[in-house]
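Note: the block below is work.txt and it holds compact mmCIF, C-alpha atoms.
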```
# COMPACT_ATOMS: atom_id res chain seq x y z
CA MET F 52 -133.79 12.67 54.54
CA ALA F 53 -134.67 15.82 52.69
CA ILE F 54 -132.36 18.78 52.95
CA ALA F 55 -133.11 22.43 53.45
CA SER F 56 -133.33 24.96 50.66
CA ILE F 57 -130.46 27.37 50.08
CA GLN F 58 -130.60 31.06 50.92
CA VAL F 59 -130.08 33.43 48.02
CA SER F 60 -128.85 37.01 48.39
CA GLU F 61 -131.01 38.58 45.73
CA THR F 62 -129.26 41.76 44.77
CA PRO F 63 -130.93 43.38 41.75
CA LEU F 64 -128.45 41.79 39.32
CA VAL F 65 -128.61 38.33 40.93
CA LEU F 66 -132.41 38.50 40.87
CA TYR F 67 -132.45 39.67 37.27
CA VAL F 68 -130.22 36.83 36.07
CA LEU F 69 -132.04 34.22 38.16
CA ARG F 70 -135.37 35.25 36.66
CA ARG F 71 -134.12 34.59 33.12
CA ALA F 72 -132.35 31.40 34.18
CA ASP F 73 -135.56 30.14 35.81
CA ASP F 74 -137.57 30.90 32.65
CA ALA F 75 -135.18 28.78 30.60
CA LEU F 76 -134.91 25.93 33.10
CA ILE F 77 -138.64 25.59 33.76
CA LEU F 78 -139.71 25.93 30.14
CA GLY F 79 -136.95 23.54 29.09
CA HIS F 80 -138.09 21.04 31.71
CA ARG F 81 -141.66 21.27 30.46
CA LEU F 82 -140.50 20.52 26.91
CA SER F 83 -138.40 17.60 28.13
CA GLU F 84 -141.59 16.06 29.53
CA TRP F 85 -142.55 15.42 25.90
CA CYS F 86 -139.51 13.24 25.31
CA GLY F 87 -140.82 9.94 23.93
CA HIS F 88 -144.40 11.25 23.75
CA ALA F 89 -144.42 13.73 20.86
CA PRO F 90 -146.82 13.12 17.96
CA MET F 91 -143.98 12.01 15.70
CA LEU F 92 -140.30 11.23 15.86
CA GLU F 93 -139.12 14.43 14.19
CA GLU F 94 -141.10 16.51 16.64
CA ASP F 95 -139.85 14.48 19.57
CA MET F 96 -136.33 15.42 18.50
CA ALA F 97 -137.28 19.02 17.89
CA LEU F 98 -138.79 19.44 21.37
CA ALA F 99 -135.78 17.77 22.98
CA ASN F 100 -133.47 20.03 20.98
CA ILE F 101 -135.28 23.18 22.06
CA ALA F 102 -135.29 21.91 25.64
CA LEU F 103 -131.54 21.36 25.41
CA ASP F 104 -130.94 24.89 24.13
CA LEU F 105 -132.98 26.27 27.02
CA LEU F 106 -131.16 24.10 29.52
CA GLY F 107 -127.85 25.34 28.15
CA GLN F 108 -128.98 28.95 28.48
CA ALA F 109 -130.15 28.24 32.04
CA ARG F 110 -126.77 26.76 32.97
CA GLU F 111 -124.87 29.78 31.70
CA LEU F 112 -127.21 32.17 33.48
CA TYR F 113 -127.15 30.25 36.79
CA THR F 114 -123.38 30.06 36.67
CA TYR F 115 -123.21 33.81 36.17
CA ALA F 116 -125.75 34.47 38.94
CA ALA F 117 -123.63 32.34 41.27
CA LYS F 118 -120.53 34.31 40.36
CA VAL F 119 -122.25 37.66 40.92
CA GLU F 120 -123.75 36.49 44.20
CA GLY F 121 -120.43 35.07 45.41
CA LYS F 122 -121.93 33.01 48.24
CA GLY F 123 -120.83 29.57 47.13
CA ASN F 124 -124.03 28.69 45.28
CA ASP F 125 -123.83 27.15 41.83
CA GLU F 126 -126.04 26.05 38.94
CA ASP F 127 -127.02 22.81 40.69
CA LYS F 128 -127.87 24.45 43.99
CA PHE F 129 -130.00 27.08 42.28
CA SER F 130 -131.88 24.40 40.35
CA TYR F 131 -132.25 21.68 42.94
CA LEU F 132 -132.28 23.45 46.26
CA ARG F 133 -134.70 26.34 45.98
CA ASP F 134 -138.31 25.91 46.91
CA VAL F 135 -141.22 27.00 44.78
CA ARG F 136 -141.49 30.50 46.32
CA GLN F 137 -137.81 31.10 45.54
CA TYR F 138 -138.33 30.47 41.84
CA ARG F 139 -138.64 33.63 39.74
CA ASN F 140 -139.78 32.35 36.34
CA LEU F 141 -142.66 33.66 34.26
CA LEU F 142 -145.99 31.99 34.96
CA LEU F 143 -146.15 31.21 31.24
CA ALA F 144 -143.10 28.93 31.47
CA GLU F 145 -144.57 26.69 34.16
CA GLN F 146 -147.99 26.16 32.55
CA PRO F 147 -148.58 22.45 31.92
CA ASN F 148 -147.97 21.01 28.47
CA GLY F 149 -151.62 20.14 27.89
CA ASP F 150 -152.05 18.95 24.32
CA PHE F 151 -149.50 19.55 21.55
CA ALA F 152 -151.22 22.77 20.45
CA ARG F 153 -150.94 24.21 23.93
CA THR F 154 -147.24 23.37 24.15
CA MET F 155 -146.65 24.98 20.76
CA VAL F 156 -148.60 28.14 21.60
CA ARG F 157 -146.74 28.49 24.91
CA GLN F 158 -143.40 28.08 23.14
CA PHE F 159 -144.42 30.42 20.33
CA PHE F 160 -145.42 33.22 22.72
CA TYR F 161 -142.16 32.80 24.60
CA SER F 162 -139.87 32.37 21.58
CA ALA F 163 -141.33 35.42 19.85
CA PHE F 164 -140.33 37.35 22.95
CA ALA F 165 -136.97 35.63 23.56
CA ASP F 166 -135.89 36.26 19.99
CA LEU F 167 -136.36 40.01 20.42
CA TYR F 168 -135.17 40.05 24.00
CA TRP F 169 -131.83 38.30 23.45
CA ARG F 170 -131.09 40.31 20.33
CA ALA F 171 -131.65 43.52 22.29
CA MET F 172 -129.59 42.22 25.23
CA MET F 173 -126.54 41.87 22.99
CA THR F 174 -126.05 45.58 23.67
CA SER F 175 -126.05 45.11 27.46
CA SER F 176 -123.26 46.94 29.26
CA ASP F 177 -122.73 43.69 31.18
CA ALA F 178 -120.24 41.72 29.07
CA THR F 179 -121.33 38.29 30.31
CA LEU F 180 -125.02 38.95 29.70
CA ALA F 181 -124.21 40.33 26.26
CA ALA F 182 -122.22 37.17 25.46
CA ILE F 183 -125.00 34.85 26.68
CA ALA F 184 -127.45 36.93 24.63
CA ALA F 185 -125.37 36.52 21.46
CA LYS F 186 -125.59 32.73 21.77
CA SER F 187 -129.23 32.61 22.86
CA GLU F 188 -130.37 34.94 20.11
CA LYS F 189 -129.42 32.51 17.36
CA GLU F 190 -131.06 29.60 19.15
CA SER F 191 -134.25 31.55 19.84
CA ALA F 192 -134.54 32.47 16.16
CA TYR F 193 -134.77 28.77 15.28
CA HIS F 194 -137.32 28.17 18.04
CA LEU F 195 -139.44 31.01 16.74
CA ARG F 196 -139.32 29.77 13.19
CA HIS F 197 -140.21 26.22 14.20
CA THR F 198 -143.11 27.18 16.45
CA SER F 199 -144.45 29.74 13.93
CA GLU F 200 -144.68 27.00 11.31
CA TRP F 201 -146.58 24.80 13.74
CA ILE F 202 -149.04 27.53 14.71
CA VAL F 203 -149.90 28.01 11.04
CA ARG F 204 -150.15 24.26 10.45
CA LEU F 205 -152.40 23.71 13.45
CA GLY F 206 -154.57 26.79 12.98
CA ASP F 207 -154.96 26.35 9.26
CA GLY F 208 -155.23 22.56 9.55
CA THR F 209 -158.26 20.53 10.53
CA GLU F 210 -161.28 21.73 12.45
CA GLU F 211 -159.94 19.85 15.47
CA SER F 212 -156.41 21.29 15.33
CA HIS F 213 -157.81 24.78 14.75
CA ALA F 214 -160.09 24.53 17.76
CA ARG F 215 -157.29 23.24 19.99
CA ALA F 216 -154.86 25.93 18.87
CA GLN F 217 -157.47 28.65 19.42
CA HIS F 218 -158.29 27.26 22.85
CA ALA F 219 -154.59 27.28 23.77
CA ILE F 220 -154.22 30.90 22.68
CA ASP F 221 -157.25 31.93 24.72
CA GLU F 222 -156.00 30.05 27.78
CA LEU F 223 -152.40 31.28 27.69
CA TRP F 224 -152.91 34.86 26.55
CA ALA F 225 -153.22 36.23 30.09
CA PHE F 226 -149.71 35.00 30.90
CA THR F 227 -148.01 36.99 28.14
CA GLY F 228 -148.15 40.39 29.85
CA GLU F 229 -145.65 39.34 32.49
CA MET F 230 -142.88 39.20 29.86
CA PHE F 231 -143.10 42.98 29.48
CA ALA F 232 -143.50 43.89 33.16
CA VAL F 233 -140.73 45.74 34.99
CA ASP F 234 -140.38 46.27 38.74
CA ASP F 235 -138.23 48.80 40.63
CA SER F 236 -135.34 46.41 40.94
CA GLU F 237 -135.19 45.96 37.16
CA ARG F 238 -135.82 49.62 36.45
CA ALA F 239 -132.49 50.49 38.06
CA LEU F 240 -130.68 47.95 35.88
CA ILE F 241 -132.40 49.31 32.78
CA ASP F 242 -131.30 52.83 33.67
CA ALA F 243 -127.75 51.54 34.12
CA GLY F 244 -127.74 49.90 30.67
CA VAL F 245 -127.36 46.38 32.11
CA ALA F 246 -130.90 45.37 31.15
CA ILE F 247 -133.10 46.44 28.28
CA ASP F 248 -136.61 47.81 28.70
CA PRO F 249 -138.96 45.02 27.58
CA ALA F 250 -141.72 47.59 27.00
CA ALA F 251 -139.76 48.68 23.94
CA LEU F 252 -140.16 45.18 22.48
CA LYS F 253 -143.89 44.94 22.95
CA SER F 254 -145.13 46.41 19.68
CA GLN F 255 -142.74 44.25 17.62
CA TRP F 256 -143.78 41.17 19.62
CA GLN F 257 -147.44 41.92 19.00
CA LYS F 258 -146.74 42.39 15.31
CA THR F 259 -144.88 39.08 15.01
CA VAL F 260 -147.51 37.19 16.99
CA ALA F 261 -150.46 38.77 15.19
CA GLY F 262 -148.87 38.08 11.81
CA VAL F 263 -148.48 34.36 12.47
CA VAL F 264 -151.84 34.05 14.21
CA ASN F 265 -153.60 35.73 11.29
CA GLU F 266 -151.86 33.50 8.80
CA ALA F 267 -153.03 30.55 10.88
CA THR F 268 -156.64 31.80 10.60
CA LEU F 269 -156.68 32.09 14.38
CA SER F 270 -157.38 35.17 16.46
CA LEU F 271 -155.93 36.86 19.52
CA PRO F 272 -158.16 37.60 22.51
CA THR F 273 -159.27 41.20 22.87
CA ASN F 274 -159.19 40.82 26.63
CA ASP F 275 -156.03 42.47 27.89
CA TRP F 276 -156.21 41.56 31.57
CA MET F 277 -152.89 40.00 32.48
CA GLN F 278 -151.86 37.65 35.28
CA GLN F 279 -148.56 38.24 37.09
CA GLY F 280 -146.69 36.92 40.10
CA GLY F 281 -143.96 34.55 38.93
CA ARG F 282 -141.22 37.16 39.09
CA ALA F 283 -141.99 37.66 42.79
CA GLY F 284 -142.29 33.95 43.56
CA ARG F 285 -146.10 33.74 43.50
CA HIS F 286 -146.70 30.75 41.27
CA SER F 287 -149.52 28.63 40.01
CA GLU F 288 -149.90 25.25 41.71
CA HIS F 289 -148.24 23.61 38.70
CA LEU F 290 -144.70 24.70 39.53
CA GLY F 291 -144.58 22.81 42.83
CA HIS F 292 -145.44 19.56 41.07
CA LEU F 293 -142.84 20.23 38.40
CA LEU F 294 -140.15 20.90 41.02
CA SER F 295 -141.01 17.80 43.01
CA GLU F 296 -139.99 15.79 39.98
CA LEU F 297 -137.05 17.98 38.92
CA GLN F 298 -135.59 18.05 42.43
CA SER F 299 -136.56 14.65 43.80
CA LEU F 300 -133.15 13.03 43.49
CA GLN F 301 -131.16 15.82 45.17
CA ARG F 302 -133.80 16.28 47.85
CA SER F 303 -133.85 12.56 48.64
CA PHE F 304 -130.13 11.86 48.26
CA PRO F 305 -128.38 15.16 49.03
CA GLY F 306 -125.21 15.70 47.03
CA ALA F 307 -125.71 12.58 44.92
CA THR F 308 -123.36 12.46 41.92
CA TRP F 309 -122.72 10.00 39.13
CA MET I 106 -83.78 34.96 26.53
CA VAL I 107 -84.19 34.09 22.89
CA THR I 108 -83.98 30.41 23.70
CA ALA I 109 -86.66 30.73 26.36
CA ALA I 110 -88.99 32.50 23.96
CA LEU I 111 -88.43 29.84 21.35
CA ASP I 112 -89.12 27.12 23.86
CA GLU I 113 -92.36 28.75 24.84
CA SER I 114 -93.64 29.08 21.30
CA ASP I 115 -92.58 25.52 20.61
CA LEU I 116 -94.46 24.35 23.70
CA ARG I 117 -97.45 26.35 22.65
CA ARG I 118 -97.42 24.74 19.21
CA ARG I 119 -97.15 21.27 20.71
CA ALA I 120 -100.05 22.01 23.05
CA TRP I 121 -102.12 23.48 20.21
CA ASP I 122 -101.44 20.48 17.97
CA ALA I 123 -102.44 18.06 20.72
CA ALA I 124 -105.67 19.92 21.45
CA ALA I 125 -106.41 20.43 17.77
CA ARG I 126 -106.43 16.68 17.16
CA VAL I 127 -109.41 16.17 19.50
CA VAL I 128 -112.49 15.27 17.47
CA ASP I 129 -116.15 16.07 17.98
CA PRO I 130 -117.65 12.95 19.60
CA GLU I 131 -120.84 13.35 17.54
CA ILE I 132 -119.08 14.01 14.22
CA PRO I 133 -115.78 12.17 14.53
CA VAL I 134 -114.46 13.30 11.13
CA LEU I 135 -114.20 16.87 12.41
CA THR I 136 -111.56 18.07 14.82
CA ILE I 137 -112.35 20.89 17.20
CA ALA I 138 -109.94 23.01 15.14
CA ASP I 139 -111.99 22.31 11.99
CA LEU I 140 -115.13 23.31 13.88
CA GLY I 141 -113.69 26.53 15.21
CA VAL I 142 -114.42 25.38 18.78
CA LEU I 143 -110.73 25.60 19.72
CA ARG I 144 -110.05 29.30 20.26
CA GLN I 145 -106.78 29.76 22.07
CA VAL I 146 -103.94 27.90 23.72
CA THR I 147 -101.65 29.69 26.14
CA VAL I 148 -98.62 28.32 27.90
CA THR I 149 -97.29 30.08 30.98
CA SER I 150 -95.20 29.07 33.96
CA ASP I 151 -98.50 28.03 35.62
CA GLY I 152 -99.18 25.52 32.88
CA VAL I 153 -101.28 25.30 29.79
CA GLU I 154 -104.71 26.82 29.34
CA VAL I 155 -107.03 26.04 26.46
CA ALA I 156 -109.99 28.24 25.56
CA ILE I 157 -112.93 26.64 23.79
CA THR I 158 -116.29 28.04 22.78
CA PRO I 159 -119.54 26.07 22.83
CA THR I 160 -121.37 25.55 19.55
CA TYR I 161 -124.82 25.52 21.12
CA SER I 162 -125.55 26.54 24.73
CA GLY I 163 -126.74 23.08 25.67
CA CYS I 164 -124.49 20.97 23.48
CA PRO I 165 -123.70 17.87 25.58
CA ALA I 166 -120.57 17.20 23.51
CA MET I 167 -118.81 20.14 25.19
CA ASN I 168 -118.13 18.26 28.44
CA MET I 169 -116.75 15.34 26.47
CA ILE I 170 -114.59 17.64 24.35
CA ALA I 171 -113.16 19.37 27.43
CA LEU I 172 -112.29 15.98 28.94
CA GLU I 173 -110.67 14.79 25.71
CA ILE I 174 -108.52 17.93 25.52
CA GLU I 175 -107.33 17.36 29.07
CA LEU I 176 -106.39 13.78 28.26
CA ALA I 177 -104.68 14.76 25.02
CA LEU I 178 -102.56 17.37 26.80
CA GLU I 179 -101.72 15.06 29.69
CA ARG I 180 -100.52 12.52 27.13
CA GLU I 181 -98.28 15.21 25.60
CA GLY I 182 -96.78 15.80 29.02
CA PHE I 183 -98.68 18.92 30.05
CA ALA I 184 -99.69 18.42 33.67
CA LYS I 185 -103.10 19.58 34.89
CA PRO I 186 -104.20 21.58 31.85
CA LYS I 187 -106.94 24.14 32.38
CA ILE I 188 -109.91 24.32 30.05
CA ARG I 189 -111.70 27.63 29.89
CA THR I 190 -115.03 28.19 28.14
CA VAL I 191 -115.40 31.51 26.38
CA LEU I 192 -118.80 32.73 25.25
CA SER I 193 -117.80 35.86 23.41
CA PRO I 194 -117.57 36.20 20.49
CA ALA I 195 -120.31 33.63 19.97
CA TRP I 196 -119.41 30.62 17.86
CA THR I 197 -120.60 30.70 14.29
CA THR I 198 -120.50 28.14 11.49
CA ASP I 199 -118.48 30.73 9.54
CA TRP I 200 -115.50 29.61 11.63
CA MET I 201 -115.65 26.13 10.17
CA SER I 202 -112.60 25.57 7.98
CA GLU I 203 -112.86 24.77 4.27
CA ASP I 204 -111.19 21.50 5.07
CA GLY I 205 -113.87 20.88 7.68
CA ARG I 206 -116.65 21.57 5.18
CA ARG I 207 -115.15 19.14 2.71
CA LYS I 208 -114.75 16.45 5.38
CA LEU I 209 -118.37 16.93 6.45
CA ARG I 210 -119.61 16.52 2.88
CA GLU I 211 -117.56 13.36 2.40
CA TYR I 212 -118.97 12.01 5.67
CA GLY I 213 -122.52 12.48 4.31
CA ILE I 214 -123.46 15.69 6.14
CA ALA I 215 -124.26 18.79 4.11
CA PRO I 216 -122.01 21.61 5.37
CA PRO I 217 -123.54 24.88 6.63
CA GLN I 218 -124.24 27.65 4.17
CA ALA I 219 -121.42 30.15 4.28
CA ALA I 220 -123.21 33.39 5.06
CA ASN I 221 -124.22 33.45 8.66
CA SER I 222 -126.83 36.13 8.82
CA ARG I 223 -130.42 36.35 9.82
CA ARG I 224 -131.25 36.40 6.13
CA ALA I 225 -129.53 33.05 5.66
CA LEU I 226 -131.32 31.78 8.74
CA PHE I 227 -134.78 32.83 7.62
CA GLY I 228 -134.34 33.13 3.87
CA VAL I 229 -134.51 30.52 1.17
CA GLN I 230 -132.20 27.67 1.97
CA ASP I 231 -130.18 26.16 -0.79
CA VAL I 232 -128.78 22.89 0.49
CA ALA I 233 -127.05 20.47 -1.84
CA CYS I 234 -127.32 16.73 -1.25
CA PRO I 235 -123.98 15.43 0.07
CA GLN I 236 -124.57 12.09 -1.70
CA CYS I 237 -125.38 13.11 -5.28
CA GLY I 238 -124.85 16.88 -5.26
CA SER I 239 -128.38 17.72 -6.40
CA SER I 240 -129.91 20.90 -5.03
CA ASN I 241 -133.39 19.43 -5.47
CA THR I 242 -133.73 18.88 -1.72
CA GLU I 243 -136.30 19.51 0.98
CA LEU I 244 -136.31 20.09 4.72
CA LEU I 245 -137.84 17.22 6.70
CA SER I 246 -137.22 18.51 10.19
CA GLU I 247 -135.71 21.69 11.55
CA PHE I 248 -134.07 19.70 14.34
CA GLY I 249 -131.97 16.61 13.81
CA SER I 250 -130.00 14.03 15.77
CA THR I 251 -127.88 16.71 17.48
CA SER I 252 -128.35 20.41 18.29
CA CYS I 253 -126.33 21.49 15.30
CA LYS I 254 -128.12 19.50 12.60
CA ALA I 255 -131.39 19.48 10.66
CA LEU I 256 -132.86 16.57 8.73
CA TRP I 257 -133.20 16.92 4.95
CA ARG I 258 -134.10 14.68 2.02
CA CYS I 259 -132.80 14.64 -1.51
CA LYS I 260 -135.60 14.45 -4.06
CA ALA I 261 -133.19 13.36 -6.79
CA CYS I 262 -131.52 10.35 -5.17
CA ARG I 263 -134.21 9.92 -2.48
CA GLU I 264 -131.65 9.71 0.32
CA PRO I 265 -132.29 11.45 3.62
CA PHE I 266 -129.30 13.35 5.00
CA ASP I 267 -128.18 15.59 7.86
CA TYR I 268 -127.56 19.26 7.26
CA PHE I 269 -125.21 21.12 9.58
CA LYS I 270 -127.31 24.17 10.41
CA CYS I 271 -126.15 27.67 9.74
CA HIS I 272 -125.51 29.31 13.09
```
Could you spell out this file's structure in C-alpha cells?
Amino acid sequence: MAIASIQVSETPLVLYVLRRADDALILGHRLSEWCGHAPMLEEDMALANIALDLLGQARELYTYAAKVEGKGNDEDKFSYLRDVRQYRNLLLAEQPNGDFARTMVRQFFYSAFADLYWRAMMTSSDATLAAIAAKSEKESAYHLRHTSEWIVRLGDGTEESHARAQHAIDELWAFTGEMFAVDDSERALIDAGVAIDPAALKSQWQKTVAGVVNEATLSLPTNDWMQQGGRAGRHSEHLGHLLSELQSLQRSFPGATW
Amino acid sequence: MVTAALDESDLRRRAWDAAARVVDPEIPVLTIADLGVLRQVTVTSDGVEVAITPTYSGCPAMNMIALEIELALEREGFAKPKIRTVLSPAWTTDWMSEDGRRKLREYGIAPPQAANSRRALFGVQDVACPQCGSSNTELLSEFGSTSCKALWRCKACREPFDYFKCH
C-alpha cells in the first residue's frame, strides 16, 4: 500500500535549502542511471563519483532543511515522500540523460554554475550553508574540469560527436536561465546575507561556458528565451518518471530499512 | 581537584588513542588520525564525544568509520560514545600527516600534492610514481576507485597507480 506524501512548511530558508538539495539529488540520480552503461570504464567511475558527490551534498542540505523546519522530517522523508509538485529542483537537473554528449553538456552547464555558486556561498552569514559550500566548492571544481575536457573532446572530435554536442547545447540552453532567477522569497534571504545573488555570477558563468564552447569549436545559441518552473514545482514530465523509480521502494514498503 | 583533572586528561588520551587507531576501510594503511578526519575528542560526565569531518560529501566510508569508532571506544570501556560530524572547517588533504603520506606511498598510492589551492587543483600536476619514483607520469582518469582518488599511469615503469587527489 502506498503512503501519503509529507507536508513541508516552506519558510523562505527551508525552501531555499530544499531547492539546492533537490538540484543535487535529482542531478545525482540522473548520473547514477549511467552506472554500468557509460562508454568506458573510467567514465563509468567518473559519473558515479560525481553522482556520489552530489548525493552527499544533497544529504547535508536535506539534513539542514529538516533541522531548520523542525517538524520531524529528515533527509529520507524529503527524498522519498514528496510528490513531483513538491520538488523544487532546476528543470535542467531533471532532463533525461539522452546520449553521452547531452549528459556532459547538462553537467557542464550546471557545474560551471555550481563552482561559482558554492564559492560565493562560502561567505553566507548562515554558518551551516557556508560550511556546506566550502565542501561543495572543491567538489564542483573537479566536476567542472572534467566536463570541460569532455565538451572540448566531443566538440572538437569527430563529425558525429560534434553534431551531438551541438545538438545537446541547443536543446538544453533554454534551461540555463533558471539558475540565475530569483523570486521574492529568495530576495529577502539575499538582502539578509544568507544567500548570494546569482545574477552577480552570470557574466562569469557566460565567460567560462563561452570559453570552453569556443575551444570545442561549438557555438552557443543566440536565442535567449528561457524556460522556468522547477523552483515553483512546475516540472517537465520527466521528473515524475524519475521519482517513480527513486521512490518506489519507500512508497511500496513504507519505512523499509536494511 | 588536581587528581580529577588528571583523570580526565588521561581518559581523554585513552579515548583519543582508541579512536585514532581506526583505519580508513578503503585505504587500510591510513588511520583516521593520519587522514585528518579525526578532529576532536572530548570527555565529560555525559560520556565521550568524537568529532570527525568527512573527506568528500558523499564518501560512503564515513558511516563505516563512525561505526568503527563507536566499537573501538566501547571496547576501551567508554559506554555509548557519541560521534559528531563537523563540516567546518572543510577537510583538506593538507591535514594529512607526513607519516600518512609516507604510508600511502609505500602502499602504492601517490600522496596528494602539498599545496591545496585552486592553482594546485587546476594547474600543472606533478605526480611521482609511487612504484619507481619517476615523475614521467600521466593522468588516465580524473576519478578513480573511490571519491578521493584519480587514476594515473607511470610512463617509465608502465605501472598504473592511484593518486590521492588534492582537495
So the first atom is atom CA of Arg133 of chain F and the second is atom CA of Gln278 of chain F; what is the distance between them in Å, to one decimal place?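 These atoms are spaced 23.2 Å apart.
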Check every residue of chain F for an atom within 10 Å of chain I, counting all atoms listed in the file, and provide those that qualify as a count of residues only. 37
Can you tell me, as a PyMOL selection string, what residues are no more than 8 Å from Val203 of chain F when counting only C-alpha atoms, ignoring any on the same chain fewer than 4 positions away? chain F and resi 199+207-208+263-264+266-268
Take the residues just selected and output them with C-alpha atoms as a PDB file, keeping the file's coordinate frame.
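Saved to again.pdb:
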```
ATOM      1  CA  SER F 199    -144.450  29.740  13.930  1.00  0.00           C
ATOM      2  CA  ASP F 207    -154.960  26.350   9.260  1.00  0.00           C
ATOM      3  CA  GLY F 208    -155.230  22.560   9.550  1.00  0.00           C
ATOM      4  CA  VAL F 263    -148.480  34.360  12.470  1.00  0.00           C
ATOM      5  CA  VAL F 264    -151.840  34.050  14.210  1.00  0.00           C
ATOM      6  CA  GLU F 266    -151.860  33.500   8.800  1.00  0.00           C
ATOM      7  CA  ALA F 267    -153.030  30.550  10.880  1.00  0.00           C
ATOM      8  CA  THR F 268    -156.640  31.800  10.600  1.00  0.00           C
TER       9      THR F 268
END
```
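Close contacts of Ser114 of chain I, defined as residues with an atom at most 10 Å away when counting all atoms listed in the file, with chain neighbours fewer than 5 positions off set aside, comprise Ala109, Arg119, Ala120, Thr147 and Val148 of chain I.
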Go ahead and find all residues with at least one atom no further than 8 Å from (-139.5, 18.5, 35.6) in the file's coordinates, using all atoms listed in the file; report them as number ranges by chain. F: 77, 80-81, 83-84, 293-298
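Going from atom CA of Leu132 of chain F to atom CA of Ala72 of chain F covers 14.5 Å.
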The residues within 10 Å of (-103.7, 22.5, 18.2), using all atoms listed in the file and the coordinates of the file, should be reported as a list of chain:residue names; which are they?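 The requested residues, written out, are I:Arg117, I:Arg118, I:Arg119, I:Ala120, I:Trp121, I:Asp122, I:Ala123, I:Ala124, I:Ala125, I:Arg126, I:Val127, I:Thr136, I:Ile137, I:Ala138, I:Leu143, I:Arg144, I:Gln145, I:Val146, I:Val155, I:Ile174.
If you measure from each of F:Lys122, F:His213, F:Lys128, F:Arg136 to Ser270 of chain F using all atoms listed in the file, the closest one turns out to be F:His213.
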